[in-house]
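What follows is one structure encoded as structure tokens, with my remarks underneath.
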Amino acid sequence: MPSAFPPGEPAPQDGSLPQTALASVGAGPFSVYLHVPFCRVRCGYCDFNTYTLPELGQTGPEQPLLSGEARSLTETFVEAAHRELELAGRVLGDRPGAVETVFVGGGTPTMLDPDQLGGLLERVRHTWGLAPDAEVTTEANPDTVTPEVAQRLRAHGFTRVSIGMQSAVPHVLRTLDRTHDPANVVRAVHAVREAGMQISLDLIYGTPGESLQDWRTSLELVASLEPDHVSAYALVVEEGTKLHGQVRRGAVPAPDDDDEADKYELADELLAAAGYGWYEISNWARSPERRCRHNIAYWRGDDWWGVGPGAHSHVGGVRWWNVKHPRAYADRLEQAHSPAHARELLGDGERYDEQVLLGVRLADGLPVDRLRPEGRLAVAGLVADGLVEGRAAVQGRVVLTLRGRLLADTVVHRLLG
């Protein structure tokens with residue numbers, strides 16, 4: 001089930017923000033995240049804020065696009081999301097300027113009709129405008145991406161599709177409760193490429209029962225498909241998930257740290273050989289222009305408004321998160337109330353810690369002069385331990401070595417003192 005809320009203070013019903021936060025809006029890039037909370041099947045490892053039809057009290061066939069009684073659920077969500085964007089426009093006005101990136105995540109956004117996704121994008125465009133070179137991404141299950149869907153997404157202004165591949169090996173997908181046909185990954189990539197959009201493939205490594213050869217098979221397929229971008233994340237067993245219960249009962253083994261390290265090193269080796277460069281610990285791109293600009297905005301601490309059930313936002317040092325359940329979300333907006341459940345105002349210490357935590361994950365590195373004295377003093381020891389590149393440190397940046405990427409938490413701990 002979805003993870004619990006973080007602690008926070010009550011959020012205003014009208015969605016208003018402190019003047020200090022509003023004053024900083026527009027000083028840097030602005031992004032929009034749209035969360036589509038629907039899935040056909042809940043994957044055993046997932047604790048994202050997503051819901052299957054039975055969980056929402058609906059019944060019906062499991063199919064890529066919803067119809068009948070279930071369609072009313074998605075229409076209610078889309079209407080509520082439009083209302084939240086209207087609310088955001090009232091709160092922020094025209095301060096953000098044109099939106100630089102839009103990311104539609106989930107869940108499975110492509111369970112919605114492309115016209116519904118396009119309508120939400122049009123609402124963003126109407127509210128603030130889109131930059132001429134805006135990056136507009138949607139996540140997608142491979143089974144839902146047909147040539148027609150890809151062409152319609154492109155016609156609505158999407159520029160990028162992030163395909164949830166996870167693995168090319170059937171028994172690994174079964175352990176993850178992924179139901180897509182591995183062959184549809186290939187079909188989806190071709191459909192997106194023919195439509196003229198960029199392609200990202202998302203992978204998971206460290207699944208119980210996945211051998212090193214299984215992982216190599218997945219990486220080799222990725223390399224052969226030549227996507228623009230690749231994300232590869234180590235499997236984390238989240239409390240409350242089906243997988244967590246299986247591990248607790250001893251039905252499947254827990255992921256092994258050494259095994260995941262071996263798989264990370266293999267990914268970096270094979271992707272580098274195929275022409276990809278890492279730019280964040282878990283992300284590789286064929287060129288700097290093909291990096292995911294939306295995620296970079298998160299890592300830089302830029303401003304964004306998150307639309308949808310459970311979505312998080314950050315504007316001017318204020319972070320808030322919406323109520324999780326789709327019905328509660330829609331009900332609040334129907335009453336002209338903000339869907340925000342709670343918020344927190346980040347202090348200087350919290351913002352500094354986040355800058356260090358996120359900045360060191362990037363290949364561009366973290367400027368040494370942004371560190372506090374204890375952090376600057378720690379850099380030489382990190383270089384000596386092979387965790388930080390010496391040449392980059394001399395040039396004034398903290399850049400992780402391959403070993404440092406595997407031990408990034410240790411590096412952050414030492415930089416923060």
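Note on naming: chains are A, B, ... as they come in the structure tokens, residues start from 1 per chain, ligands start from 1 in the order shown.
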
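Every protein or nucleic acid residue with an atom no more than 10 Å from range 284-290 of chain A, counting only C-alpha atoms and leaving out same-chain residues fewer than 3 positions away, appears here: Arg160, Gln198, Ile199, Ser200, Glu226, Pro227, Asp228, His229, Val230, Ser231, Ala232, Ala267, Asp268, Leu271, Ala272, Ala274, Gly275, Tyr276, Gly277, Trp278, Tyr279, Glu280, Ile281 and Arg293 of chain A.
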
Hey, what's within 10 Å of Tyr45 in chain A if we count only C-alpha atoms and toss same-chain stuff fewer than 5 positions away? As a PDB file with N, CA and C atoms, in the first residue's frame, please?
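The file below, selection05.pdb, is the result:
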ATOM      1  N   MET A   1       0.839  -1.196   0.000  1.00  0.00           N
ATOM      2  CA  MET A   1       0.000   0.000   0.000  1.00  0.00           C
ATOM      3  C   MET A   1       0.879   1.253   0.000  1.00  0.00           C
ATOM      4  N   THR A 175       8.515 -12.061 -10.504  1.00  0.00           N
ATOM      5  CA  THR A 175       8.807 -11.805  -9.093  1.00  0.00           C
ATOM      6  C   THR A 175       8.384 -10.391  -8.699  1.00  0.00           C
ATOM      7  N   LEU A 176       8.531  -9.455  -9.619  1.00  0.00           N
ATOM      8  CA  LEU A 176       8.135  -8.073  -9.359  1.00  0.00           C
ATOM      9  C   LEU A 176       6.642  -7.835  -9.549  1.00  0.00           C
ATOM     10  N   ASP A 177       5.922  -8.870  -9.999  1.00  0.00           N
ATOM     11  CA  ASP A 177       4.491  -8.734 -10.335  1.00  0.00           C
ATOM     12  C   ASP A 177       4.265  -7.772 -11.489  1.00  0.00           C
ATOM     13  N   ARG A 178       5.246  -7.647 -12.356  1.00  0.00           N
ATOM     14  CA  ARG A 178       5.063  -6.871 -13.571  1.00  0.00           C
ATOM     15  C   ARG A 178       4.368  -7.753 -14.601  1.00  0.00           C
ATOM     16  N   THR A 207      16.497  -7.769  -7.953  1.00  0.00           N
ATOM     17  CA  THR A 207      15.296  -8.557  -7.662  1.00  0.00           C
ATOM     18  C   THR A 207      15.692  -9.951  -7.173  1.00  0.00           C
ATOM     19  N   LEU A 235      16.643  -2.335  -6.289  1.00  0.00           N
ATOM     20  CA  LEU A 235      15.376  -2.680  -5.647  1.00  0.00           C
ATOM     21  C   LEU A 235      15.465  -2.399  -4.148  1.00  0.00           C
ATOM     22  N   VAL A 236      14.460  -1.696  -3.641  1.00  0.00           N
ATOM     23  CA  VAL A 236      14.333  -1.443  -2.211  1.00  0.00           C
ATOM     24  C   VAL A 236      13.054  -2.121  -1.739  1.00  0.00           C
ATOM     25  N   VAL A 237      13.152  -2.912  -0.698  1.00  0.00           N
ATOM     26  CA  VAL A 237      11.978  -3.605  -0.152  1.00  0.00           C
ATOM     27  C   VAL A 237      11.305  -2.664   0.844  1.00  0.00           C
ATOM     28  N   GLU A 238      10.199  -2.062   0.406  1.00  0.00           N
ATOM     29  CA  GLU A 238       9.502  -1.072   1.229  1.00  0.00           C
ATOM     30  C   GLU A 238       8.517  -1.752   2.172  1.00  0.00           C
ATOM     31  N   GLU A 239       8.481  -1.284   3.404  1.00  0.00           N
ATOM     32  CA  GLU A 239       7.565  -1.849   4.393  1.00  0.00           C
ATOM     33  C   GLU A 239       6.119  -1.699   3.936  1.00  0.00           C
ATOM     34  N   GLY A 240       5.337  -2.727   4.141  1.00  0.00           N
ATOM     35  CA  GLY A 240       3.932  -2.692   3.774  1.00  0.00           C
ATOM     36  C   GLY A 240       3.626  -3.220   2.388  1.00  0.00           C
ATOM     37  N   THR A 241       4.657  -3.499   1.593  1.00  0.00           N
ATOM     38  CA  THR A 241       4.421  -4.033   0.259  1.00  0.00           C
ATOM     39  C   THR A 241       4.307  -5.555   0.315  1.00  0.00           C
ATOM     40  N   LYS A 242       3.769  -6.124  -0.759  1.00  0.00           N
ATOM     41  CA  LYS A 242       3.686  -7.577  -0.861  1.00  0.00           C
ATOM     42  C   LYS A 242       5.073  -8.202  -0.782  1.00  0.00           C
ATOM     43  N   LEU A 243       6.049  -7.574  -1.453  1.00  0.00           N
ATOM     44  CA  LEU A 243       7.403  -8.105  -1.441  1.00  0.00           C
ATOM     45  C   LEU A 243       7.984  -8.111  -0.032  1.00  0.00           C
ATOM     46  N   HIS A 244       7.690  -7.068   0.728  1.00  0.00           N
ATOM     47  CA  HIS A 244       8.173  -7.001   2.109  1.00  0.00           C
ATOM     48  C   HIS A 244       7.653  -8.190   2.913  1.00  0.00           C
TER      49      HIS A 244
END

Next item on the list: List every residue of range 345-413 of chain A that DSSP, applied to the backbone of this structure, assigns to strand (DSSP E or B), and report them as a PyMOL selection string.
Entry: chain A and resi 345+362+366-367+388+397-398+400

Check: Which one of A:Leu212, A:Ala261, A:Leu201, A:Ala140 sits closest to Thr108 in chain A if you count only C-alpha atoms?
Finding: A:Ala140

Next item on the list: Excluding Leu117 in chain A and any residue of its chain fewer than 5 positions from it, enumerate the residues within 9 Å of it, using only C-alpha atoms, and give them as a PyMOL selection string.
Entry: chain A and resi 78+104+109-110+112+122+138+153+156

Store the residues picked out above in a file with N, CA and C atoms, as a compact mmCIF listing (two decimals), in the first residue's frame.
# COMPACT_ATOMS: atom_id res chain seq x y z
N VAL A 78 -9.45 13.63 -13.65
CA VAL A 78 -8.99 14.64 -14.60
C VAL A 78 -9.64 15.99 -14.31
N VAL A 104 4.53 13.68 -16.25
CA VAL A 104 3.32 12.97 -15.85
C VAL A 104 3.75 11.59 -15.37
N PRO A 109 0.23 6.56 -16.22
CA PRO A 109 -0.46 7.66 -16.89
C PRO A 109 -1.15 7.26 -18.20
N THR A 110 -0.57 6.30 -18.91
CA THR A 110 -1.14 5.92 -20.20
C THR A 110 -2.36 5.02 -20.05
N LEU A 112 -4.86 6.59 -18.96
CA LEU A 112 -5.74 7.64 -19.44
C LEU A 112 -5.65 7.73 -20.96
N GLU A 122 -2.60 21.11 -21.87
CA GLU A 122 -3.14 22.37 -22.38
C GLU A 122 -3.50 23.31 -21.23
N THR A 138 5.85 11.73 -20.25
CA THR A 138 4.92 10.87 -19.55
C THR A 138 5.56 9.51 -19.33
N LEU A 153 0.05 11.32 -28.45
CA LEU A 153 0.80 12.02 -27.41
C LEU A 153 1.67 13.11 -28.03
N HIS A 156 -0.18 16.16 -29.04
CA HIS A 156 -0.58 17.01 -27.91
C HIS A 156 0.59 17.77 -27.32

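Rounded to one decimal, CA of Arg152 in chain A and CA of Pro114 in chain A lie 6.2 Å from each other.
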
If you run DSSP over the backbone, which residues in range 31-252 of chain A end up alpha helix (DSSP H)? Put them as a PDB file with C-alpha atoms, in the first residue's frame.
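result.pdb was written with the following content:
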ATOM      1  CA  GLU A  69     -18.002   2.551 -14.932  1.00  0.00           C
ATOM      2  CA  ALA A  70     -14.261   2.820 -14.393  1.00  0.00           C
ATOM      3  CA  ARG A  71     -13.950   5.653 -16.901  1.00  0.00           C
ATOM      4  CA  SER A  72     -16.057   7.872 -14.643  1.00  0.00           C
ATOM      5  CA  LEU A  73     -13.325   7.475 -12.027  1.00  0.00           C
ATOM      6  CA  THR A  74     -10.648   8.764 -14.366  1.00  0.00           C
ATOM      7  CA  GLU A  75     -12.882  11.571 -15.598  1.00  0.00           C
ATOM      8  CA  THR A  76     -13.452  12.656 -11.994  1.00  0.00           C
ATOM      9  CA  PHE A  77      -9.699  12.651 -11.423  1.00  0.00           C
ATOM     10  CA  VAL A  78      -8.993  14.645 -14.599  1.00  0.00           C
ATOM     11  CA  GLU A  79     -11.625  17.222 -13.682  1.00  0.00           C
ATOM     12  CA  ALA A  80     -10.106  17.547 -10.198  1.00  0.00           C
ATOM     13  CA  ALA A  81      -6.593  17.937 -11.645  1.00  0.00           C
ATOM     14  CA  HIS A  82      -7.855  20.778 -13.859  1.00  0.00           C
ATOM     15  CA  ARG A  83      -9.271  22.417 -10.744  1.00  0.00           C
ATOM     16  CA  GLU A  84      -5.966  22.117  -8.931  1.00  0.00           C
ATOM     17  CA  LEU A  85      -4.170  23.752 -11.849  1.00  0.00           C
ATOM     18  CA  GLU A  86      -6.706  26.591 -11.688  1.00  0.00           C
ATOM     19  CA  LEU A  87      -5.965  26.884  -7.953  1.00  0.00           C
ATOM     20  CA  ALA A  88      -2.232  26.957  -8.664  1.00  0.00           C
ATOM     21  CA  GLY A  89      -2.784  29.740 -11.164  1.00  0.00           C
ATOM     22  CA  ARG A  90      -4.647  31.797  -8.550  1.00  0.00           C
ATOM     23  CA  VAL A  91      -1.976  31.204  -5.899  1.00  0.00           C
ATOM     24  CA  LEU A  92       1.077  31.869  -8.059  1.00  0.00           C
ATOM     25  CA  PRO A 114      -4.057  10.672 -24.746  1.00  0.00           C
ATOM     26  CA  ASP A 115      -6.720  13.377 -25.146  1.00  0.00           C
ATOM     27  CA  GLN A 116      -7.130  13.497 -21.352  1.00  0.00           C
ATOM     28  CA  LEU A 117      -3.361  13.829 -20.883  1.00  0.00           C
ATOM     29  CA  GLY A 118      -3.265  16.413 -23.644  1.00  0.00           C
ATOM     30  CA  GLY A 119      -6.050  18.369 -21.976  1.00  0.00           C
ATOM     31  CA  LEU A 120      -4.067  18.569 -18.746  1.00  0.00           C
ATOM     32  CA  LEU A 121      -1.012  19.743 -20.670  1.00  0.00           C
ATOM     33  CA  GLU A 122      -3.139  22.373 -22.382  1.00  0.00           C
ATOM     34  CA  ARG A 123      -4.296  23.579 -18.947  1.00  0.00           C
ATOM     35  CA  VAL A 124      -0.649  23.998 -17.906  1.00  0.00           C
ATOM     36  CA  ARG A 125       0.003  25.908 -21.120  1.00  0.00           C
ATOM     37  CA  HIS A 126      -3.043  28.128 -20.554  1.00  0.00           C
ATOM     38  CA  THR A 127      -2.091  28.819 -16.913  1.00  0.00           C
ATOM     39  CA  TRP A 128       1.573  29.770 -17.314  1.00  0.00           C
ATOM     40  CA  PRO A 147       1.795   3.565 -32.579  1.00  0.00           C
ATOM     41  CA  GLU A 148      -1.560   5.384 -32.376  1.00  0.00           C
ATOM     42  CA  VAL A 149      -1.094   6.317 -28.699  1.00  0.00           C
ATOM     43  CA  ALA A 150       2.455   7.546 -29.379  1.00  0.00           C
ATOM     44  CA  GLN A 151       1.359   9.677 -32.336  1.00  0.00           C
ATOM     45  CA  ARG A 152      -1.495  11.208 -30.351  1.00  0.00           C
ATOM     46  CA  LEU A 153       0.795  12.024 -27.413  1.00  0.00           C
ATOM     47  CA  ARG A 154       3.211  13.744 -29.775  1.00  0.00           C
ATOM     48  CA  ALA A 155       0.363  15.702 -31.357  1.00  0.00           C
ATOM     49  CA  PRO A 170      10.296 -13.089 -17.652  1.00  0.00           C
ATOM     50  CA  HIS A 171      10.977 -14.738 -14.278  1.00  0.00           C
ATOM     51  CA  VAL A 172      12.328 -11.446 -12.892  1.00  0.00           C
ATOM     52  CA  LEU A 173       9.213  -9.616 -14.061  1.00  0.00           C
ATOM     53  CA  ARG A 174       7.030 -12.273 -12.430  1.00  0.00           C
ATOM     54  CA  THR A 175       8.807 -11.805  -9.093  1.00  0.00           C
ATOM     55  CA  PRO A 182       8.862  -8.077 -22.579  1.00  0.00           C
ATOM     56  CA  ALA A 183       8.369  -8.042 -26.364  1.00  0.00           C
ATOM     57  CA  ASN A 184       6.159  -4.970 -25.961  1.00  0.00           C
ATOM     58  CA  VAL A 185       9.149  -2.982 -24.704  1.00  0.00           C
ATOM     59  CA  VAL A 186      10.671  -3.295 -28.167  1.00  0.00           C
ATOM     60  CA  ARG A 187       7.362  -2.398 -29.828  1.00  0.00           C
ATOM     61  CA  ALA A 188       6.868   0.592 -27.538  1.00  0.00           C
ATOM     62  CA  VAL A 189      10.366   1.926 -28.225  1.00  0.00           C
ATOM     63  CA  HIS A 190       9.792   1.726 -31.970  1.00  0.00           C
ATOM     64  CA  ALA A 191       6.387   3.418 -31.652  1.00  0.00           C
ATOM     65  CA  VAL A 192       7.770   6.304 -29.599  1.00  0.00           C
ATOM     66  CA  ARG A 193      10.761   6.739 -31.899  1.00  0.00           C
ATOM     67  CA  GLU A 194       8.548   6.764 -35.005  1.00  0.00           C
ATOM     68  CA  LEU A 212      24.147 -11.377 -12.939  1.00  0.00           C
ATOM     69  CA  GLN A 213      23.544 -12.931 -16.351  1.00  0.00           C
ATOM     70  CA  ASP A 214      19.848 -12.001 -16.138  1.00  0.00           C
ATOM     71  CA  TRP A 215      20.867  -8.409 -15.470  1.00  0.00           C
ATOM     72  CA  ARG A 216      23.345  -8.493 -18.350  1.00  0.00           C
ATOM     73  CA  THR A 217      20.549  -9.710 -20.639  1.00  0.00           C
ATOM     74  CA  SER A 218      18.423  -6.695 -19.703  1.00  0.00           C
ATOM     75  CA  LEU A 219      21.297  -4.255 -20.205  1.00  0.00           C
ATOM     76  CA  GLU A 220      22.217  -5.743 -23.568  1.00  0.00           C
ATOM     77  CA  LEU A 221      18.641  -5.367 -24.789  1.00  0.00           C
ATOM     78  CA  VAL A 222      18.648  -1.752 -23.622  1.00  0.00           C
ATOM     79  CA  ALA A 223      21.881  -1.054 -25.481  1.00  0.00           C
ATOM     80  CA  SER A 224      20.489  -2.644 -28.651  1.00  0.00           C
ATOM     81  CA  LEU A 225      17.370  -0.436 -28.497  1.00  0.00           C
ATOM     82  CA  LYS A 242       3.686  -7.577  -0.861  1.00  0.00           C
ATOM     83  CA  LEU A 243       7.403  -8.105  -1.441  1.00  0.00           C
ATOM     84  CA  HIS A 244       8.173  -7.001   2.109  1.00  0.00           C
ATOM     85  CA  GLY A 245       5.813  -9.672   3.405  1.00  0.00           C
ATOM     86  CA  GLN A 246       7.426 -12.314   1.209  1.00  0.00           C
ATOM     87  CA  VAL A 247      10.896 -11.401   2.465  1.00  0.00           C
ATOM     88  CA  ARG A 248       9.730 -11.323   6.081  1.00  0.00           C
ATOM     89  CA  ARG A 249       8.222 -14.802   5.742  1.00  0.00           C
TER      90      ARG A 249
END
